[in-house]
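A quick write-up on the structure given underneath.
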Amino acid sequence: MSTPSQTTVDEAEPRALSRLLAALADDRRRRIVSLLRERQSAVSESELATLLASAETDVPLRAVTDEQYEAVILSLRHHHLPTLESVGLVDRADETVAWSAPAEPCATTVETALGLDASPADTGTALELLASARRRLVIDHLRTEAETTVDELVRTVTAGSDDENVRVSLVHRHLPKLADAGAISYDETGEGRAVTYEGLPVGDATVDELVPTGGTEACGRTGDDAATVGTTEGRVRTLEGREAIVAHGQALFDRADDELFVMITTDGLLAPLCLERLRNAVDRGVDVYVGSQTGTVRDTVREAVPGATIWEPQRNWLDLPVSRDRLGRLVFADREAVMLGTIGENGTERALVGSGADDALVILLRELLGERLDHLDGQSDDVLSHLPL
């Protein structure tokens with residue numbers, strides 16, 4: 001793993017590697033990749049579903065029931081294959097799918113993940129813990145120091161600064177997650193808040209193979225994300241048209257490493273690929289929060305994105321007087337990048353986007369929502385009273 005001074009969570013490399021590790025953290029997806037690697041050519045999605053159902057239920061192919069097949073084929077088409085395709089591990093065309101071998105050093109990460117002899121649960125836990133740039137930096141630091149403090153970890157993650165947002169994310173999300181998995185012991189109340197490394201479910205040598213240094217920005221396929229994620233830091237921009245706005249919103253879903261806050265007014269703004277990107281974010285350990293006054297939106301997200309926190313705002317804060325444009329969607333990623341979209345009377349869509357800690361729009365949203373977002377994880381009994389929404 002690279003040293004803290006060489007890596008920050010704003011670089012493309014950690015995000016690409018996070019997506020790859022998150023994709024492989026799922027036991028079914030690792031099995032899919034293993035099955036496809038054994039084949040020399042593409043297989044139909046139907047055949048893959050039958051092979052997978054047979055392997056998972058330990059029955060002959062001919063004994064796979066219609067119910068087992070249907071359950072697997074739906075999960076393949078709507079969840080697992082799109083995820084694997086997005087990180088460049090499979091190719092899909094005309095309802096067929098084939099293994100797509102990644103280049104080094106991504107190939108080493110994949111080979112190591114598939115070859116782990118730990119239990120599926122331990123393998124999944126290790127990959128999930130590593131599927132966050134901030135947690136990787138914490139683990140990397142602790143592997144060297146063995147014991148440290150929260151203050152020191154904040155400086156490590158931020159390359160020397162003392163960012164309060166990073167402190168909140170470590171204290172409320174990443175350190176508890178690491179502690180729950182047994183990777184660290186964490187004194188939440190003691191002086192200095194000592195953090196001690198206990199170890200991942202896999203050995204340190206394996207961690208080095210899973211997280212190779214250099215070149216991992218090639219892991220995964222970004223498509224048109226390259227034009228949208230790399231927005232100019234510290235400058236508010238305007239996007240015109242639904243296609244550009246949806247693409248930018250999806251790019252923000254992909255760039256989130258820690259927290260993703262989304263509000264949507266109507267189900268017409270919720271594209272199927274958006275749901276897939278939200279699932280991907282949950283899979284790689286991002287805390288995803290989706291709010292809407294529209295019941296269809298809440299029900300759709302609740303069913304399609306298990307693990308996301310869903311709530312109903314107590315007032316329709318996104319609606320403006322009918323004589324003006326309506327606010328349609330808000331995406332706030334890691335409290336570092338934001339998109340605020342509007343819908344005109346004729347259905348035209350526009351959005352303001354900003355990126356960077358010093359961006360005016362980002363600052364405005366951070367000040368508006370501030371610490372209230374920390375109550376969305378359910379740790380507070382009075383969540384709604386803390387949200388000005």
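Quick note on naming: the chains in the structure tokens go A, B, ... in the order shown, residues restart at 1 in each chain, and ligands are numbered from 1 in order of appearance.
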Could you find all residues in segment 67-150 of chain A that DSSP calls strand (DSSP E) from the backbone, and write them as a PDB file with all heavy atoms, in the first residue's frame?
ATOM      1  N   VAL A  90     -16.221  -7.870 -17.084  1.00  0.00           N
ATOM      2  CA  VAL A  90     -16.976  -8.661 -18.048  1.00  0.00           C
ATOM      3  C   VAL A  90     -17.351  -7.793 -19.234  1.00  0.00           C
ATOM      4  O   VAL A  90     -17.416  -6.565 -19.135  1.00  0.00           O
ATOM      5  CB  VAL A  90     -18.267  -9.272 -17.441  1.00  0.00           C
ATOM      6  CG1 VAL A  90     -17.941 -10.128 -16.228  1.00  0.00           C
ATOM      7  CG2 VAL A  90     -19.274  -8.198 -17.086  1.00  0.00           C
ATOM      8  N   ASP A  91     -17.597  -8.452 -20.353  1.00  0.00           N
ATOM      9  CA  ASP A  91     -18.141  -7.807 -21.548  1.00  0.00           C
ATOM     10  C   ASP A  91     -19.520  -8.400 -21.806  1.00  0.00           C
ATOM     11  O   ASP A  91     -19.703  -9.628 -21.730  1.00  0.00           O
ATOM     12  CB  ASP A  91     -17.245  -8.060 -22.762  1.00  0.00           C
ATOM     13  CG  ASP A  91     -15.950  -7.275 -22.689  1.00  0.00           C
ATOM     14  OD1 ASP A  91     -15.987  -6.111 -22.251  1.00  0.00           O
ATOM     15  OD2 ASP A  91     -14.901  -7.840 -23.057  1.00  0.00           O
ATOM     16  N   ARG A  92     -20.497  -7.542 -22.133  1.00  0.00           N
ATOM     17  CA  ARG A  92     -21.859  -8.001 -22.396  1.00  0.00           C
ATOM     18  C   ARG A  92     -22.299  -7.540 -23.773  1.00  0.00           C
ATOM     19  O   ARG A  92     -22.033  -6.408 -24.175  1.00  0.00           O
ATOM     20  CB  ARG A  92     -22.824  -7.457 -21.350  1.00  0.00           C
ATOM     21  CG  ARG A  92     -22.495  -7.840 -19.930  1.00  0.00           C
ATOM     22  CD  ARG A  92     -23.373  -7.109 -18.944  1.00  0.00           C
ATOM     23  NE  ARG A  92     -24.762  -7.577 -18.973  1.00  0.00           N
ATOM     24  CZ  ARG A  92     -25.768  -6.908 -18.423  1.00  0.00           C
ATOM     25  NH1 ARG A  92     -25.565  -5.729 -17.852  1.00  0.00           N
ATOM     26  NH2 ARG A  92     -26.996  -7.405 -18.466  1.00  0.00           N
ATOM     27  N   ALA A  93     -22.992  -8.430 -24.481  1.00  0.00           N
ATOM     28  CA  ALA A  93     -23.535  -8.086 -25.795  1.00  0.00           C
ATOM     29  C   ALA A  93     -24.593  -9.111 -26.169  1.00  0.00           C
ATOM     30  O   ALA A  93     -24.344 -10.326 -26.088  1.00  0.00           O
ATOM     31  CB  ALA A  93     -22.432  -8.064 -26.853  1.00  0.00           C
ATOM     32  N   THR A  96     -25.333 -12.044 -23.985  1.00  0.00           N
ATOM     33  CA  THR A  96     -24.215 -12.934 -23.693  1.00  0.00           C
ATOM     34  C   THR A  96     -23.225 -12.172 -22.823  1.00  0.00           C
ATOM     35  O   THR A  96     -23.218 -10.939 -22.792  1.00  0.00           O
ATOM     36  CB  THR A  96     -23.500 -13.415 -24.967  1.00  0.00           C
ATOM     37  OG1 THR A  96     -22.903 -12.296 -25.630  1.00  0.00           O
ATOM     38  CG2 THR A  96     -24.474 -14.119 -25.901  1.00  0.00           C
ATOM     39  N   VAL A  97     -22.371 -12.930 -22.148  1.00  0.00           N
ATOM     40  CA  VAL A  97     -21.397 -12.308 -21.249  1.00  0.00           C
ATOM     41  C   VAL A  97     -20.095 -13.089 -21.331  1.00  0.00           C
ATOM     42  O   VAL A  97     -20.092 -14.314 -21.487  1.00  0.00           O
ATOM     43  CB  VAL A  97     -21.936 -12.270 -19.799  1.00  0.00           C
ATOM     44  CG1 VAL A  97     -22.252 -13.660 -19.294  1.00  0.00           C
ATOM     45  CG2 VAL A  97     -20.959 -11.578 -18.864  1.00  0.00           C
ATOM     46  N   ALA A  98     -18.977 -12.358 -21.245  1.00  0.00           N
ATOM     47  CA  ALA A  98     -17.662 -12.990 -21.334  1.00  0.00           C
ATOM     48  C   ALA A  98     -16.718 -12.326 -20.338  1.00  0.00           C
ATOM     49  O   ALA A  98     -16.866 -11.148 -19.994  1.00  0.00           O
ATOM     50  CB  ALA A  98     -17.097 -12.878 -22.750  1.00  0.00           C
ATOM     51  N   TRP A  99     -15.746 -13.085 -19.906  1.00  0.00           N
ATOM     52  CA  TRP A  99     -14.703 -12.592 -19.022  1.00  0.00           C
ATOM     53  C   TRP A  99     -13.840 -11.569 -19.749  1.00  0.00           C
ATOM     54  O   TRP A  99     -13.468 -11.748 -20.903  1.00  0.00           O
ATOM     55  CB  TRP A  99     -13.861 -13.763 -18.522  1.00  0.00           C
ATOM     56  CG  TRP A  99     -12.477 -13.457 -18.026  1.00  0.00           C
ATOM     57  CD1 TRP A  99     -11.296 -13.832 -18.581  1.00  0.00           C
ATOM     58  CD2 TRP A  99     -12.134 -12.721 -16.841  1.00  0.00           C
ATOM     59  NE1 TRP A  99     -10.240 -13.396 -17.842  1.00  0.00           N
ATOM     60  CE2 TRP A  99     -10.719 -12.702 -16.757  1.00  0.00           C
ATOM     61  CE3 TRP A  99     -12.874 -12.079 -15.858  1.00  0.00           C
ATOM     62  CZ2 TRP A  99     -10.051 -12.076 -15.717  1.00  0.00           C
ATOM     63  CZ3 TRP A  99     -12.211 -11.435 -14.832  1.00  0.00           C
ATOM     64  CH2 TRP A  99     -10.820 -11.435 -14.756  1.00  0.00           C
ATOM     65  N   GLU A 147      -0.510   1.458  16.858  1.00  0.00           N
ATOM     66  CA  GLU A 147      -1.441   2.191  17.701  1.00  0.00           C
ATOM     67  C   GLU A 147      -1.304   3.673  17.410  1.00  0.00           C
ATOM     68  O   GLU A 147      -0.193   4.183  17.225  1.00  0.00           O
ATOM     69  CB  GLU A 147      -1.174   1.924  19.187  1.00  0.00           C
ATOM     70  CG  GLU A 147      -2.167   2.637  20.105  1.00  0.00           C
ATOM     71  CD  GLU A 147      -2.036   2.212  21.566  1.00  0.00           C
ATOM     72  OE1 GLU A 147      -1.682   1.035  21.786  1.00  0.00           O
ATOM     73  OE2 GLU A 147      -2.260   3.055  22.441  1.00  0.00           O
ATOM     74  N   THR A 148      -2.429   4.372  17.375  1.00  0.00           N
ATOM     75  CA  THR A 148      -2.408   5.798  17.074  1.00  0.00           C
ATOM     76  C   THR A 148      -3.628   6.450  17.711  1.00  0.00           C
ATOM     77  O   THR A 148      -4.297   5.839  18.543  1.00  0.00           O
ATOM     78  CB  THR A 148      -2.384   6.029  15.548  1.00  0.00           C
ATOM     79  OG1 THR A 148      -2.180   7.414  15.276  1.00  0.00           O
ATOM     80  CG2 THR A 148      -3.673   5.555  14.899  1.00  0.00           C
ATOM     81  N   THR A 149      -3.913   7.688  17.329  1.00  0.00           N
ATOM     82  CA  THR A 149      -5.075   8.404  17.845  1.00  0.00           C
ATOM     83  C   THR A 149      -5.932   8.882  16.680  1.00  0.00           C
ATOM     84  O   THR A 149      -5.485   8.904  15.531  1.00  0.00           O
ATOM     85  CB  THR A 149      -4.643   9.623  18.677  1.00  0.00           C
ATOM     86  OG1 THR A 149      -3.973  10.562  17.820  1.00  0.00           O
ATOM     87  CG2 THR A 149      -3.720   9.218  19.813  1.00  0.00           C
TER      88      THR A 149
END
Kindly assemble as a tab-separated table a list of the segment 274-318 of chain A residues that lie within 12 Å of segment 176-192 of chain A, each paired with its nearest atom pair and their distance in Å to one decimal, using only C-alpha atoms, sorted first by chain and then by ascending residue number.
residue	atom	partner	partner_atom	distance
A:Gly285	CA	A:Lys177	CA	9.4
A:Val286	CA	A:Lys177	CA	11.4
A:Asp287	CA	A:Lys177	CA	11.4
Take the residues from that selection and write them out as a PDB file, in the first residue's frame, keeping N, CA and C atoms.
ATOM      1  N   GLY A 285     -19.280   0.446   0.367  1.00  0.00           N
ATOM      2  CA  GLY A 285     -19.210   0.959   1.725  1.00  0.00           C
ATOM      3  C   GLY A 285     -19.601   2.403   1.901  1.00  0.00           C
ATOM      4  N   VAL A 286     -20.145   3.027   0.867  1.00  0.00           N
ATOM      5  CA  VAL A 286     -20.586   4.415   0.978  1.00  0.00           C
ATOM      6  C   VAL A 286     -21.910   4.452   1.740  1.00  0.00           C
ATOM      7  N   ASP A 287     -22.058   5.408   2.646  1.00  0.00           N
ATOM      8  CA  ASP A 287     -23.338   5.620   3.327  1.00  0.00           C
ATOM      9  C   ASP A 287     -24.247   6.404   2.384  1.00  0.00           C
TER      10      ASP A 287
END
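Counting only C-alpha atoms, the residue from A:Glu198, A:Ala121, A:Asp140, A:Gln68 that sits nearest to Glu56 of chain A is A:Gln68.
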Identify, on the basis of only C-alpha atoms, every residue whose closest approach to segment 167-175 of chain A does not exceed 8 Å; exclude the query and any residue fewer than 6 positions from it along the same chain; express the result as a count of residues only. 9
Wanna dump the segment 52-110 of chain A-segment 302-307 of chain A contacts at 12 Å for me, each residue with its shortest atom pair and the distance in Å to one decimal, counting only C-alpha atoms, ordered by chain and number, as CSV?
residue,atom,partner,partner_atom,distance
A:Leu74,CA,A:Ala304,CA,11.8
A:Ser75,CA,A:Ala304,CA,10.6
A:His78,CA,A:Ala304,CA,9.2
A:His79,CA,A:Ala304,CA,9.0
Output file for the residues above (C-alpha atoms, as a PDB file, in the first residue's frame):
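What follows is the written file result07.pdb:
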ATOM      1  CA  LEU A  74     -32.918 -11.322 -12.323  1.00  0.00           C
ATOM      2  CA  SER A  75     -30.050 -10.581  -9.972  1.00  0.00           C
ATOM      3  CA  HIS A  78     -30.216  -6.011 -12.863  1.00  0.00           C
ATOM      4  CA  HIS A  79     -27.400  -6.030 -10.355  1.00  0.00           C
TER       5      HIS A  79
END
Please compute the atom CA of Gly199 of chain A-atom CA of Leu24 of chain A distance, one decimal, in Å. 20.0 Å
A:Glu243, A:Glu209, A:Asp94, A:Asp58 ranked by distance to Glu111 of chain A, top pick (using only C-alpha atoms): A:Glu209
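Among the candidates A:Thr348, A:Tyr197, A:Phe261, A:Leu340, the residue lying nearest to Ile310 of chain A is A:Phe261 (atoms considered: only C-alpha atoms).
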My list of candidates is A:Leu278, A:Val195, A:Ile73, A:Ile264. Which is closest to Thr296 of chain A when distances are computed with only C-alpha atoms? A:Ile264
What is the distance between atom CA of Thr196 of chain A and atom CA of Ala126 of chain A, in Å to one decimal? 17.2 Å
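Of the listed residues (A:Ile139, A:Val33, A:Thr125, A:Ser132), A:Val33 comes nearest to Ser100 of chain A; the distances count only C-alpha atoms.
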Quick one: distance from atom CA of Val290 of chain A to atom CA of Val262 of chain A in Å, one decimal? 4.8 Å
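Closest approach to Asp26 of chain A from the set A:Gly124, A:Gly291, A:Gly344, A:Pro60 is made by A:Gly124, with distances taken over only C-alpha atoms.
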